[in-house]
file my_file-v2.cif (mmCIF, C-alpha atoms)
data_coords
loop_
_atom_site.label_atom_id
_atom_site.label_comp_id
_atom_site.auth_asym_id
_atom_site.auth_seq_id
_atom_site.Cartn_x
_atom_site.Cartn_y
_atom_site.Cartn_z
CA MET A 25 0.00 0.00 0.00
CA THR A 26 1.67 3.18 -1.13
CA THR A 27 -1.40 5.43 -1.30
CA PHE A 28 -2.27 7.81 1.54
CA ASN A 29 -5.89 8.94 1.74
CA PHE A 30 -6.95 12.31 3.16
CA LYS A 31 -10.31 13.49 4.46
CA ASN A 32 -9.36 16.86 5.68
CA VAL A 33 -7.05 18.59 3.20
CA TYR A 34 -8.40 21.58 1.30
CA VAL A 35 -6.92 24.14 -1.06
CA LYS A 36 -6.93 27.59 0.46
CA SER A 37 -5.24 29.65 -2.23
CA GLU A 38 -2.85 29.28 -5.14
CA SER A 39 -0.73 31.45 -7.36
CA VAL A 40 1.36 30.90 -10.49
CA ILE A 41 4.03 33.19 -11.94
CA VAL A 42 5.41 32.38 -15.39
CA GLY A 43 7.95 33.52 -17.95
CA ASN A 44 7.70 34.71 -21.52
CA THR A 45 6.98 31.56 -23.55
CA GLU A 46 4.41 30.25 -21.06
CA LYS A 47 2.52 33.54 -21.11
CA ASP A 48 2.17 33.18 -24.90
CA GLY A 49 0.90 29.59 -24.47
CA PRO A 50 -2.75 28.48 -24.31
CA PHE A 51 -3.12 29.12 -20.55
CA GLY A 52 -1.58 32.60 -20.74
CA ASP A 53 -4.62 34.36 -19.27
CA LEU A 54 -4.94 32.03 -16.29
CA PHE A 55 -1.61 32.87 -14.70
CA GLU A 56 -1.46 35.31 -11.82
CA ASP A 57 1.47 37.28 -13.19
CA TYR A 58 4.34 36.97 -15.65
CA SER A 59 7.67 38.47 -16.58
CA ARG A 60 8.96 39.04 -20.11
CA ASP A 61 12.45 39.37 -18.60
CA PRO A 62 14.07 35.99 -17.77
CA TYR A 63 16.12 37.74 -15.04
CA PHE A 64 12.97 38.95 -13.22
CA GLY A 65 14.81 42.23 -12.69
CA LYS A 66 17.78 40.57 -10.96
CA SER A 67 21.41 40.21 -12.02
CA SER A 68 21.50 36.45 -12.72
CA PHE A 69 19.12 33.70 -13.80
CA GLU A 70 19.38 31.94 -10.44
CA LEU A 71 18.46 35.12 -8.55
CA GLY A 72 15.66 35.57 -11.08
CA GLU A 73 14.26 32.15 -10.24
CA ILE A 74 14.36 32.96 -6.53
CA GLU A 75 12.57 36.25 -7.22
CA MET A 76 9.89 34.44 -9.24
CA THR A 77 9.35 32.03 -6.35
CA ARG A 78 9.22 34.92 -3.88
CA LEU A 79 6.51 36.63 -5.98
CA ALA A 80 4.44 33.44 -6.26
CA ILE A 81 4.61 32.78 -2.52
CA SER A 82 3.73 36.32 -1.47
CA LYS A 83 0.75 36.44 -3.86
CA CYS A 84 -0.42 33.06 -2.66
CA LEU A 85 -0.23 34.01 1.04
CA GLN A 86 -1.95 37.31 0.23
CA LYS A 87 -4.82 35.55 -1.55
CA GLY A 88 -5.18 33.10 1.34
CA LYS A 89 -5.22 36.08 3.74
CA ILE A 90 -2.55 34.60 5.99
CA LYS A 91 0.73 36.16 7.11
CA GLN A 92 2.73 32.97 7.23
CA ALA A 93 2.23 29.24 6.92
CA ASP A 94 2.88 26.78 9.75
CA VAL A 95 5.01 24.50 7.61
CA ALA A 96 6.42 24.90 4.10
CA TYR A 97 7.63 22.40 1.51
CA GLY A 98 9.52 23.61 -1.53
CA THR A 99 11.29 22.19 -4.51
CA ASP A 100 13.19 23.26 -7.61
CA LEU A 101 15.65 21.77 -10.05
CA MET A 102 18.95 23.31 -9.03
CA ASN A 103 21.97 21.79 -7.32
CA GLN A 104 21.24 21.56 -3.57
CA LEU A 105 18.00 23.53 -4.20
CA THR A 106 17.85 27.30 -4.50
CA CYS A 107 14.59 27.56 -2.53
CA HIS A 108 16.61 27.49 0.71
CA TYR A 109 17.69 31.04 -0.09
CA LEU A 110 14.22 32.39 0.50
CA ALA A 111 13.18 29.85 3.13
CA SER A 112 14.57 32.13 5.84
CA GLU A 113 12.05 34.82 4.82
CA LEU A 114 9.13 32.43 5.30
CA ASN A 115 9.63 32.34 9.04
CA CYS A 116 8.23 28.81 9.42
CA SER A 117 9.44 25.21 9.51
CA PHE A 118 10.78 24.37 6.09
CA THR A 119 11.77 21.24 4.22
CA GLY A 120 13.25 21.31 0.74
CA LEU A 121 12.33 18.20 -1.20
CA TYR A 122 13.98 16.99 -4.37
CA GLY A 123 12.11 14.88 -6.89
CA ALA A 124 13.23 16.60 -10.10
CA CYS A 125 10.14 17.22 -12.25
CA SER A 126 7.98 15.07 -9.96
CA GLY A 127 8.54 17.69 -7.24
CA SER A 128 5.12 19.32 -7.71
CA ALA A 129 3.14 16.25 -6.63
CA LEU A 130 5.80 15.43 -4.04
CA VAL A 131 5.49 18.74 -2.15
CA ILE A 132 1.68 18.77 -2.32
CA GLY A 133 1.56 15.14 -1.17
CA HIS A 134 3.88 15.78 1.76
CA GLY A 135 1.99 18.95 2.66
CA ALA A 136 -1.26 16.99 2.66
CA MET A 137 0.23 14.27 4.87
CA MET A 138 1.43 16.91 7.31
CA LEU A 139 -2.06 18.43 7.49
CA GLU A 140 -3.85 15.12 7.86
CA TYR A 141 -1.56 13.48 10.39
CA GLY A 142 0.21 16.45 12.02
CA SER A 143 -1.33 19.21 14.05
CA VAL A 144 -0.88 22.17 11.72
CA HIS A 145 -3.45 24.38 9.99
CA ASN A 146 -1.76 25.87 6.95
CA VAL A 147 0.90 24.28 4.79
CA LEU A 148 2.62 26.14 1.98
CA CYS A 149 3.82 24.04 -0.98
CA PHE A 150 5.71 25.46 -3.93
CA ALA A 151 7.66 24.23 -6.94
CA SER A 152 9.66 26.28 -9.39
CA SER A 153 11.67 25.69 -12.53
CA HIS A 154 13.41 28.18 -14.77
CA ALA A 155 14.36 27.52 -18.39
CA GLN A 156 17.82 29.08 -18.26
CA THR A 157 18.98 27.65 -14.93
CA ALA A 158 17.60 24.16 -15.54
CA GLU A 159 18.94 23.88 -19.08
CA ARG A 160 22.40 24.62 -17.70
CA GLN A 161 21.88 22.10 -14.90
CA PHE A 162 20.58 19.23 -17.00
CA ARG A 163 21.69 19.87 -20.57
CA TYR A 164 23.95 22.73 -21.75
CA PRO A 165 23.99 26.45 -20.91
CA ASN A 166 21.88 28.40 -23.42
CA GLU A 167 24.88 30.65 -24.15
CA TYR A 168 26.69 27.61 -25.57
CA GLY A 169 24.14 27.62 -28.40
CA ILE A 170 23.88 23.87 -28.73
CA GLN A 171 21.55 22.22 -31.24
CA LYS A 172 18.79 20.52 -29.28
CA LYS A 173 17.57 17.12 -30.36
CA GLU A 174 14.00 16.66 -31.55
CA CYS A 175 13.21 14.37 -28.60
CA SER A 176 14.32 17.02 -26.07
CA THR A 177 11.82 18.98 -24.05
CA THR A 178 11.88 22.66 -23.08
CA THR A 179 12.09 23.59 -19.40
CA VAL A 180 9.11 25.64 -18.31
CA THR A 181 9.81 28.93 -16.54
CA ALA A 182 7.13 28.89 -13.88
CA CYS A 183 6.62 28.84 -10.15
CA GLY A 184 3.43 27.61 -8.55
CA ALA A 185 2.64 28.05 -4.87
CA VAL A 186 -0.37 26.65 -3.05
CA VAL A 187 -1.57 26.90 0.53
CA LEU A 188 -3.29 23.79 1.85
CA SER A 189 -5.43 24.02 4.92
CA ASN A 190 -7.87 21.98 6.98
CA GLU A 191 -10.55 24.66 6.62
CA PHE A 192 -13.29 23.66 4.21
CA SER A 193 -13.05 25.06 0.66
CA ASP A 194 -14.19 24.17 -2.86
CA LEU A 195 -11.23 21.92 -3.72
CA LYS A 196 -9.67 19.11 -1.76
CA ILE A 197 -6.70 16.76 -2.06
CA THR A 198 -7.99 13.26 -1.45
CA SER A 199 -5.05 10.95 -1.97
CA PHE A 200 -1.32 10.80 -2.59
CA THR A 201 0.50 7.85 -4.10
CA MET A 202 4.19 7.97 -3.32
CA GLY A 203 6.02 6.48 -6.27
CA LYS A 204 8.62 3.74 -6.43
CA VAL A 205 11.94 4.58 -8.03
CA ILE A 206 12.45 2.57 -11.20
CA ASP A 207 15.72 1.99 -13.00
CA TRP A 208 15.23 0.33 -16.36
CA GLN A 209 18.83 0.93 -17.48
CA PHE A 210 17.81 3.72 -19.84
CA LYS A 211 20.75 6.04 -20.50
CA ASP A 212 19.79 8.70 -23.05
CA VAL A 213 19.66 12.03 -21.16
CA HIS A 214 18.35 13.77 -24.28
CA ASP A 215 15.17 11.72 -24.18
CA MET A 216 13.95 12.15 -20.61
CA GLY A 217 10.30 11.94 -21.68
CA LYS A 218 10.72 8.34 -22.73
CA ALA A 219 12.85 7.56 -19.66
CA MET A 220 9.99 8.48 -17.30
CA VAL A 221 7.23 6.42 -18.95
CA PRO A 222 7.69 3.22 -16.88
CA ALA A 223 7.56 5.26 -13.65
CA ALA A 224 4.31 6.96 -14.70
CA TYR A 225 2.86 3.59 -15.64
CA GLN A 226 3.89 1.97 -12.35
CA THR A 227 2.53 4.77 -10.17
CA MET A 228 -0.77 4.85 -12.07
CA MET A 229 -1.15 1.10 -11.67
CA ASP A 230 -0.30 1.34 -7.95
CA HIS A 231 -2.82 4.13 -7.53
CA PHE A 232 -5.57 2.27 -9.39
CA TYR A 233 -4.83 -0.89 -7.42
CA ASP A 234 -4.79 0.83 -4.02
CA THR A 235 -7.93 2.89 -4.62
CA LYS A 236 -9.73 0.21 -6.69
CA ARG A 237 -10.40 2.74 -9.44
CA THR A 238 -9.72 2.91 -13.19
CA PHE A 239 -9.72 5.64 -15.81
CA ASP A 240 -13.53 5.70 -15.69
CA ASP A 241 -13.45 7.18 -12.18
CA TYR A 242 -11.47 10.22 -13.32
CA ASP A 243 -12.37 13.10 -15.59
CA LEU A 244 -8.74 13.64 -16.45
CA VAL A 245 -5.46 11.85 -15.77
CA LEU A 246 -2.48 14.15 -16.32
CA THR A 247 1.12 13.04 -16.52
CA GLY A 248 3.80 15.55 -15.58
CA ASP A 249 6.16 16.18 -18.46
CA LEU A 250 6.48 13.19 -20.76
CA GLY A 251 6.26 15.28 -23.93
CA LYS A 252 4.98 13.99 -27.27
CA ILE A 253 7.14 10.86 -27.50
CA GLY A 254 6.67 9.75 -23.89
CA TYR A 255 2.93 10.43 -24.04
CA ALA A 256 2.54 8.30 -27.16
CA MET A 257 4.49 5.48 -25.52
CA LEU A 258 2.42 5.62 -22.33
CA SER A 259 -0.89 5.67 -24.25
CA GLU A 260 0.22 2.59 -26.13
CA MET A 261 1.14 0.81 -22.89
CA MET A 262 -2.22 1.68 -21.34
CA GLU A 263 -4.16 0.49 -24.36
CA LYS A 264 -2.24 -2.79 -24.29
CA GLU A 265 -3.50 -3.21 -20.72
CA ARG A 266 -7.03 -2.84 -22.17
CA PHE A 267 -7.78 0.47 -20.45
CA GLN A 268 -10.36 2.61 -22.22
CA LEU A 269 -8.69 6.01 -22.30
CA HIS A 270 -11.54 8.02 -23.92
CA GLN A 271 -9.12 10.95 -24.30
CA LYS A 272 -8.87 11.17 -20.53
CA LEU A 273 -5.10 10.79 -20.49
CA ASN A 274 -3.08 13.90 -21.23
CA ASP A 275 0.25 15.45 -20.45
CA CYS A 276 1.05 18.80 -18.78
CA GLY A 277 4.12 19.26 -21.00
CA ILE A 278 1.93 19.10 -24.11
CA LEU A 279 -0.85 21.26 -22.66
CA ILE A 280 1.20 24.18 -21.37
CA TYR A 281 2.52 25.19 -24.81
CA ASP A 282 0.92 25.53 -28.20
CA ILE A 283 3.05 22.66 -29.38
CA ASN A 284 2.41 23.16 -33.11
CA HIS A 285 3.19 26.86 -33.19
CA GLN A 286 5.69 27.48 -30.39
CA ASP A 287 9.28 26.33 -30.81
CA VAL A 288 9.41 23.94 -27.85
CA TYR A 289 10.43 20.59 -29.39
CA CYS A 290 8.59 17.75 -27.59
CA GLY A 291 6.80 19.96 -25.05
CA GLY A 292 7.45 21.45 -21.64
CA SER A 293 9.22 19.90 -18.66
CA GLY A 294 10.25 20.82 -15.14
CA CYS A 295 8.43 20.79 -11.83
CA GLY A 296 6.98 24.23 -12.62
CA CYS A 297 5.25 22.72 -15.65
CA SER A 298 2.99 20.24 -13.84
CA MET A 299 2.50 22.70 -10.94
CA ALA A 300 1.41 25.52 -13.27
CA VAL A 301 -1.02 23.33 -15.25
CA LEU A 302 -2.48 21.88 -12.04
CA LEU A 303 -3.01 25.22 -10.32
CA THR A 304 -4.48 26.98 -13.36
CA HIS A 305 -6.07 24.70 -15.96
CA VAL A 306 -7.11 21.85 -13.65
CA PHE A 307 -8.28 24.02 -10.76
CA SER A 308 -10.36 26.24 -13.07
CA LYS A 309 -11.98 23.19 -14.73
CA LEU A 310 -12.82 21.78 -11.29
CA ARG A 311 -14.20 25.09 -10.08
CA THR A 312 -16.37 25.61 -13.15
CA LYS A 313 -17.73 22.09 -12.54
CA GLU A 314 -16.57 20.75 -15.88
CA MET A 315 -14.64 18.13 -13.95
CA LYS A 316 -15.10 16.35 -10.65
CA ARG A 317 -11.94 14.36 -10.03
CA VAL A 318 -8.46 14.70 -11.54
CA LEU A 319 -5.31 12.65 -11.06
CA LEU A 320 -1.91 14.27 -11.53
CA VAL A 321 0.98 11.87 -12.05
CA ALA A 322 4.10 14.06 -11.91
CA THR A 323 7.13 12.29 -13.33
CA GLY A 324 10.80 12.93 -12.67
CA CYS A 325 14.26 11.85 -13.84
CA LEU A 326 16.42 11.42 -10.76
CA HIS A 327 19.76 11.16 -12.52
CA ASN A 328 22.91 12.73 -11.22
CA VAL A 329 24.81 14.57 -13.94
CA PHE A 330 28.18 13.21 -12.78
CA LEU A 331 26.92 9.64 -12.79
CA THR A 332 25.33 9.85 -16.24
CA GLN A 333 28.66 11.21 -17.45
CA GLN A 334 30.14 8.00 -16.06
CA ASN A 335 27.74 6.09 -18.31
CA GLN A 336 25.31 5.17 -15.54
CA SER A 337 21.56 4.90 -16.12
CA ILE A 338 18.69 7.24 -15.22
CA PRO A 339 16.51 6.28 -12.21
CA VAL A 340 12.98 7.62 -12.62
CA VAL A 341 10.03 8.19 -10.31
CA ALA A 342 6.43 9.39 -10.45
CA HIS A 343 4.17 10.62 -7.65
CA ALA A 344 0.41 10.93 -7.98
CA ILE A 345 -2.07 13.22 -6.26
CA CYS A 346 -5.83 13.15 -6.64
CA ILE A 347 -7.74 16.43 -6.54
CA GLU A 348 -11.53 16.60 -6.21
CA ARG A 349 -14.28 19.15 -5.99
CA SER A 350 -15.66 19.04 -2.47
CA MET B 3 37.33 25.94 -58.37
CA VAL B 4 38.97 26.58 -54.97
CA TYR B 5 35.65 27.89 -53.69
CA VAL B 6 33.84 24.76 -54.81
CA TYR B 7 36.41 22.40 -53.29
CA GLY B 8 36.47 24.45 -50.10
CA PHE B 9 32.71 24.33 -49.86
CA LEU B 10 32.60 20.60 -50.60
CA PHE B 11 35.25 19.68 -48.01
CA CYS B 12 34.02 21.89 -45.18
CA GLY B 13 30.34 21.21 -45.93
CA GLY B 14 31.01 17.49 -46.19
CA LEU B 15 32.66 17.43 -42.76
CA CYS B 16 29.73 19.33 -41.25
CA MET B 17 27.29 16.92 -42.88
CA ILE B 18 29.12 13.93 -41.42
CA ALA B 19 29.08 15.59 -37.98
CA GLN B 20 25.34 16.29 -38.26
CA ILE B 21 24.62 12.70 -39.29
CA ILE B 22 26.66 11.42 -36.33
CA TYR B 23 24.87 13.82 -33.94
CA ASP B 24 21.39 12.89 -35.16
CA ASN B 25 21.89 9.15 -35.16
CA THR B 26 24.10 8.38 -32.18
CA LYS B 27 24.19 9.32 -28.52
CA LEU B 28 27.52 11.12 -28.96
CA THR B 29 27.55 14.68 -27.58
CA PRO B 30 28.94 17.68 -29.51
CA GLY B 31 32.04 17.42 -27.28
CA HIS B 32 32.65 13.86 -28.44
CA ILE B 33 32.24 14.77 -32.11
CA THR B 34 34.55 17.80 -31.87
CA SER B 35 37.27 15.72 -30.18
CA LEU B 36 36.81 13.03 -32.79
CA PHE B 37 37.39 15.53 -35.58
CA VAL B 38 40.49 16.97 -33.90
CA VAL B 39 41.94 13.48 -33.72
CA LEU B 40 40.94 12.87 -37.35
CA GLY B 41 42.75 16.06 -38.43
CA ALA B 42 45.87 15.03 -36.50
CA LEU B 43 45.78 11.58 -38.06
CA LEU B 44 45.44 12.98 -41.59
CA GLU B 45 48.42 15.25 -40.89
CA VAL B 46 50.57 12.32 -39.73
CA LEU B 47 49.72 10.49 -42.94
CA ASP B 48 50.69 13.67 -44.82
CA ILE B 49 47.24 14.05 -46.35
CA TYR B 50 45.96 17.19 -44.64
CA ASP B 51 48.58 19.51 -46.15
CA ARG B 52 47.49 18.35 -49.60
CA ILE B 53 43.86 18.97 -48.75
CA ILE B 54 44.82 22.49 -47.69
CA GLU B 55 46.53 23.05 -51.05
CA VAL B 56 43.33 22.12 -52.86
CA CYS B 57 40.60 23.47 -50.56
CA GLN B 58 42.50 26.30 -48.78
CA ALA B 59 40.13 28.12 -46.37
CA GLY B 60 37.67 25.24 -46.63
CA ALA B 61 40.23 23.07 -44.85
CA PHE B 62 41.40 25.75 -42.40
CA ILE B 63 38.01 26.58 -40.94
CA PRO B 64 36.69 23.24 -39.60
CA ILE B 65 37.93 21.89 -36.28
CA THR B 66 40.02 19.21 -38.04
CA SER B 67 42.44 22.02 -38.84
CA PHE B 68 43.11 22.38 -35.11
CA GLY B 69 44.32 18.77 -34.95
CA HIS B 70 46.39 19.35 -38.05
CA SER B 71 48.01 22.51 -36.62
CA LEU B 72 48.86 20.77 -33.34
CA THR B 73 50.54 17.86 -35.07
CA HIS B 74 52.20 19.98 -37.74
CA ALA B 75 53.75 22.34 -35.17
CA ALA B 76 54.90 19.47 -32.96
CA LEU B 77 56.50 17.60 -35.83
CA SER B 78 58.30 20.59 -37.30
CA ALA B 79 59.62 21.59 -33.86
CA ALA B 80 60.78 18.02 -33.38
CA GLN B 81 62.74 18.25 -36.62
CA ARG B 82 64.41 21.48 -35.43
CA GLU B 83 65.00 20.70 -31.77
CA GLY B 84 64.76 16.96 -31.37
CA TRP B 85 62.35 15.07 -29.13
CA LEU B 86 61.84 17.96 -26.73
CA GLY B 87 60.39 19.97 -29.62
CA ILE B 88 57.21 17.85 -29.51
CA LEU B 89 56.44 19.36 -26.11
CA THR B 90 57.69 22.91 -26.66
CA GLY B 91 56.34 23.34 -30.18
CA LEU B 92 52.92 21.72 -29.75
CA PHE B 93 51.00 25.02 -29.42
CA ASP B 94 53.19 27.12 -31.78
CA LYS B 95 50.56 27.42 -34.49
CA THR B 96 47.42 27.16 -32.41
CA SER B 97 48.30 29.62 -29.65
CA SER B 98 47.17 32.60 -31.77
CA GLY B 99 43.78 30.95 -32.35
CA ILE B 100 43.30 30.08 -28.69
CA SER B 101 44.36 33.55 -27.49
CA PHE B 102 42.06 35.21 -30.01
CA ALA B 103 39.12 33.02 -28.95
CA ILE B 104 39.64 33.95 -25.30
CA PHE B 105 40.04 37.63 -26.13
CA SER B 106 36.92 37.81 -28.32
CA ALA B 107 34.91 35.89 -25.70
CA PHE B 108 36.02 38.49 -23.17
CA LEU B 109 34.90 41.34 -25.44
CA VAL B 110 31.50 39.76 -26.11
CA ALA B 111 30.98 39.05 -22.40
CA LEU B 112 31.69 42.72 -21.67
CA CYS B 113 29.11 43.99 -24.15
CA PHE B 114 26.27 41.47 -24.03
CA LYS B 115 24.12 39.61 -21.55
CA PRO B 116 22.74 36.10 -22.22
CA HIS B 117 19.00 35.91 -22.91
CA ASP B 118 16.38 33.30 -23.63
#

call {"tool": "encode", "arguments": {"input": "my_file-v2.cif", "output": "structure tokens"}}
result
Amino acid sequence: MTTFNFKNVYVKSESVIVGNTEKDGPFGDLFEDYSRDPYFGKSSFELGEIEMTRLAISKCLQKGKIKQADVAYGTDLMNQLTCHYLASELNCSFTGLYGACSGSALVIGHGAMMLEYGSVHNVLCFASSHAQTAERQFRYPNEYGIQKKECSTTTVTACGAVVLSNEFSDLKITSFTMGKVIDWQFKDVHDMGKAMVPAAYQTMMDHFYDTKRTFDDYDLVLTGDLGKIGYAMLSEMMEKERFQLHQKLNDCGILIYDINHQDVYCGGSGCGCSMAVLLTHVFSKLRTKEMKRVLLVATGCLHNVFLTQQNQSIPVVAHAICIERS
Amino acid sequence: MVYVYGFLFCGGLCMIAQIIYDNTKLTPGHITSLFVVLGALLEVLDIYDRIIEVCQAGAFIPITSFGHSLTHAALSAAQREGWLGILTGLFDKTSSGISFAIFSAFLVALCFKPHD
């Protein structure tokens, strides 16, 4: 049993700040705020990412009408996490979690567990990724001007922050499936979408098994950032298992950009990608009553750059959270 | 004719590199190193100097020329000064290129800021 069920975890407020390309994407109007400048008015990309996170958190706390949270969970994609640099300003207990692009579901899941089983009232969860800092971390610096491969994805510049609370509201988090790390000896770091497919599959199966549900019980099942190639592979695997998808399976990396008109290769990636799509597109669909129950399966490549350079494989993981209208 | 040969040689090398990049898991770093070694090898076999005669700038521009210059300088220094020349003369021809690359990178870094 890897699924934790919650009865008492509600969404108090949320906020998403994005960069240039995301603002021009299909969900452009849903985001709280944006910046055309990748530096966010700071002197380096890393400081820009911290500033973006700071903006998202302050807007989120403002909307939730609280001064500070009791506990905060944060994640991003940088070495040793950059979110620690603003954790001191939060003035609350803080844990930085690392799950690469699966970080969004990981922080929300841990926040929900803290609310359900701990004695706190407000938990702040945030995830951020920034195109320029993450490309340097995982691929090559943009200044190097490398040719990207067609199977590569584009890191989303976005930060999503959400305050969870045990006060009743219109949306609630009902379960969290903590994923198992899978290593299928896949080594191509240019094709991370494909690498993460088995993890998404495993976590979905675990979730369906634990909750005794199938695709029919959900209005939408979203994977984190598989991109076009990974999404096609996962759909094929699901259909082989005789699941009726009925266009209920989709991918945040494909949704966040206009994939046919924006120059983003296979789609978006990064923990900001799944967080941004969840907090805007999914939440608005749930609130307008077009949907009742949505499953987010955020996927992540947990490889260490030094180890992949030593020809080691890429361990992958996926975490799932279920969001419902209360 | 020199222009045509130059274009064919340099373009052909780039095409090979692109085919390798698209079809293998080799990184640009691997491919560049491979071509430096290839240039050095062609120089040892006394082929690269002949290619330069025919293609001129077309053979000087691609990275293979770096391998050729390294080997050429080392060998000619070895002829002048003996075995020690291989070590002292290795960067004779390439030092100007390396220094210029560093200097121009410095100038560009002074004037511009990276963007998305």

call {"tool": "closest_residue", "arguments": {"input": "my_file-v2.cif", "among": "A:Gln86, A:Gln333, A:Thr177, A:Thr323", "to": "chain B", "atoms": "all atoms listed in the file"}}
result
A:Gln333

call {"tool": "residues_around", "arguments": {"input": "my_file-v2.cif", "residues": "region 58-71 of chain A", "least_positions_apart": "2", "cutoff": "6 Å", "atoms": "all atoms listed in the file", "output": "MDAnalysis selection string"}}
result
chainID A and resid 41:44 73:74

call {"tool": "resolve_selection", "arguments": {"input": "my_file-v2.cif", "expression": "the PyMOL selection byres ((chain B) within 8 of (chain A))", "output": "list in words"}}
result
Asp24, Lys27, Pro116, His117 and Asp118 of chain B

call {"tool": "resolve_selection", "arguments": {"input": "my_file-v2.cif", "expression": "the PyMOL selection byres ((chain B and resi 69-75) around 12)", "output": "MDAnalysis selection string"}}
result
chainID B and resid 34:54 61:68 76:83 87:100

call {"tool": "residues_around", "arguments": {"input": "my_file-v2.cif", "residues": "region 251-258 of chain A", "least_positions_apart": "4", "cutoff": "8 Å", "atoms": "only C-alpha atoms", "output": "MDAnalysis selection string"}}
result
chainID A and resid 175 177 217:222 224:225 262 274:275 277:278 290:293

call {"tool": "atom_distance", "arguments": {"input": "my_file-v2.cif", "atom1": "CA of Met138 (chain A)", "atom2": "CA of Leu310 (chain A)"}}
result
23.9 Å

call {"tool": "residues_near_point", "arguments": {"input": "my_file-v2.cif", "point": "(6.1, 33.0, -8.4)", "cutoff": "12 Å", "atoms": "all atoms listed in the file", "output": "PDB file with C-alpha atoms, in the frame of the given file"}}
result
ATOM      1  CA  GLU A  38      -2.850  29.280  -5.140  1.00  0.00           C
ATOM      2  CA  SER A  39      -0.730  31.450  -7.360  1.00  0.00           C
ATOM      3  CA  VAL A  40       1.360  30.900 -10.490  1.00  0.00           C
ATOM      4  CA  ILE A  41       4.030  33.190 -11.940  1.00  0.00           C
ATOM      5  CA  VAL A  42       5.410  32.380 -15.390  1.00  0.00           C
ATOM      6  CA  GLY A  43       7.950  33.520 -17.950  1.00  0.00           C
ATOM      7  CA  PHE A  55      -1.610  32.870 -14.700  1.00  0.00           C
ATOM      8  CA  GLU A  56      -1.460  35.310 -11.820  1.00  0.00           C
ATOM      9  CA  ASP A  57       1.470  37.280 -13.190  1.00  0.00           C
ATOM     10  CA  TYR A  58       4.340  36.970 -15.650  1.00  0.00           C
ATOM     11  CA  SER A  59       7.670  38.470 -16.580  1.00  0.00           C
ATOM     12  CA  PHE A  64      12.970  38.950 -13.220  1.00  0.00           C
ATOM     13  CA  GLY A  72      15.660  35.570 -11.080  1.00  0.00           C
ATOM     14  CA  GLU A  73      14.260  32.150 -10.240  1.00  0.00           C
ATOM     15  CA  ILE A  74      14.360  32.960  -6.530  1.00  0.00           C
ATOM     16  CA  GLU A  75      12.570  36.250  -7.220  1.00  0.00           C
ATOM     17  CA  MET A  76       9.890  34.440  -9.240  1.00  0.00           C
ATOM     18  CA  THR A  77       9.350  32.030  -6.350  1.00  0.00           C
ATOM     19  CA  ARG A  78       9.220  34.920  -3.880  1.00  0.00           C
ATOM     20  CA  LEU A  79       6.510  36.630  -5.980  1.00  0.00           C
ATOM     21  CA  ALA A  80       4.440  33.440  -6.260  1.00  0.00           C
ATOM     22  CA  ILE A  81       4.610  32.780  -2.520  1.00  0.00           C
ATOM     23  CA  SER A  82       3.730  36.320  -1.470  1.00  0.00           C
ATOM     24  CA  LYS A  83       0.750  36.440  -3.860  1.00  0.00           C
ATOM     25  CA  CYS A  84      -0.420  33.060  -2.660  1.00  0.00           C
ATOM     26  CA  LEU A  85      -0.230  34.010   1.040  1.00  0.00           C
ATOM     27  CA  CYS A 107      14.590  27.560  -2.530  1.00  0.00           C
ATOM     28  CA  CYS A 149       3.820  24.040  -0.980  1.00  0.00           C
ATOM     29  CA  PHE A 150       5.710  25.460  -3.930  1.00  0.00           C
ATOM     30  CA  ALA A 151       7.660  24.230  -6.940  1.00  0.00           C
ATOM     31  CA  SER A 152       9.660  26.280  -9.390  1.00  0.00           C
ATOM     32  CA  SER A 153      11.670  25.690 -12.530  1.00  0.00           C
ATOM     33  CA  HIS A 154      13.410  28.180 -14.770  1.00  0.00           C
ATOM     34  CA  THR A 181       9.810  28.930 -16.540  1.00  0.00           C
ATOM     35  CA  ALA A 182       7.130  28.890 -13.880  1.00  0.00           C
ATOM     36  CA  CYS A 183       6.620  28.840 -10.150  1.00  0.00           C
ATOM     37  CA  GLY A 184       3.430  27.610  -8.550  1.00  0.00           C
ATOM     38  CA  ALA A 185       2.640  28.050  -4.870  1.00  0.00           C
ATOM     39  CA  VAL A 186      -0.370  26.650  -3.050  1.00  0.00           C
ATOM     40  CA  GLY A 296       6.980  24.230 -12.620  1.00  0.00           C
ATOM     41  CA  MET A 299       2.500  22.700 -10.940  1.00  0.00           C
ATOM     42  CA  ALA A 300       1.410  25.520 -13.270  1.00  0.00           C
TER      43      ALA A 300
END

call {"tool": "atom_distance", "arguments": {"input": "my_file-v2.cif", "atom1": "CA of Ser117 (chain A)", "atom2": "CA of Lys36 (chain A)"}}
result
18.9 Å

call {"tool": "closest_residue", "arguments": {"input": "my_file-v2.cif", "among": "A:Leu54, A:Met261, A:Leu246, A:Ile345", "to": "Thr304 (chain A)", "atoms": "all atoms listed in the file"}}
result
A:Leu54

call {"tool": "atom_distance", "arguments": {"input": "my_file-v2.cif", "atom1": "CA of Ala129 (chain A)", "atom2": "CA of Phe192 (chain A)"}}
result
21.0 Å

call {"tool": "resolve_selection", "arguments": {"input": "my_file-v2.cif", "expression": "the PyMOL selection byres ((chain A and resi 122) around 10)", "output": "MDAnalysis selection string"}}
result
chainID A and resid 98:105 119:121 123:128 130:131 151 324 326

call {"tool": "closest_residue", "arguments": {"input": "my_file-v2.cif", "among": "A:Val329, A:Leu114, A:Ala223, A:Leu250", "to": "Ser298 (chain A)", "atoms": "only C-alpha atoms"}}
result
A:Leu250

call {"tool": "closest_residue", "arguments": {"input": "my_file-v2.cif", "among": "A:Tyr242, A:Phe30, A:Phe267, A:Tyr289", "to": "Arg317 (chain A)", "atoms": "only C-alpha atoms"}}
result
A:Tyr242
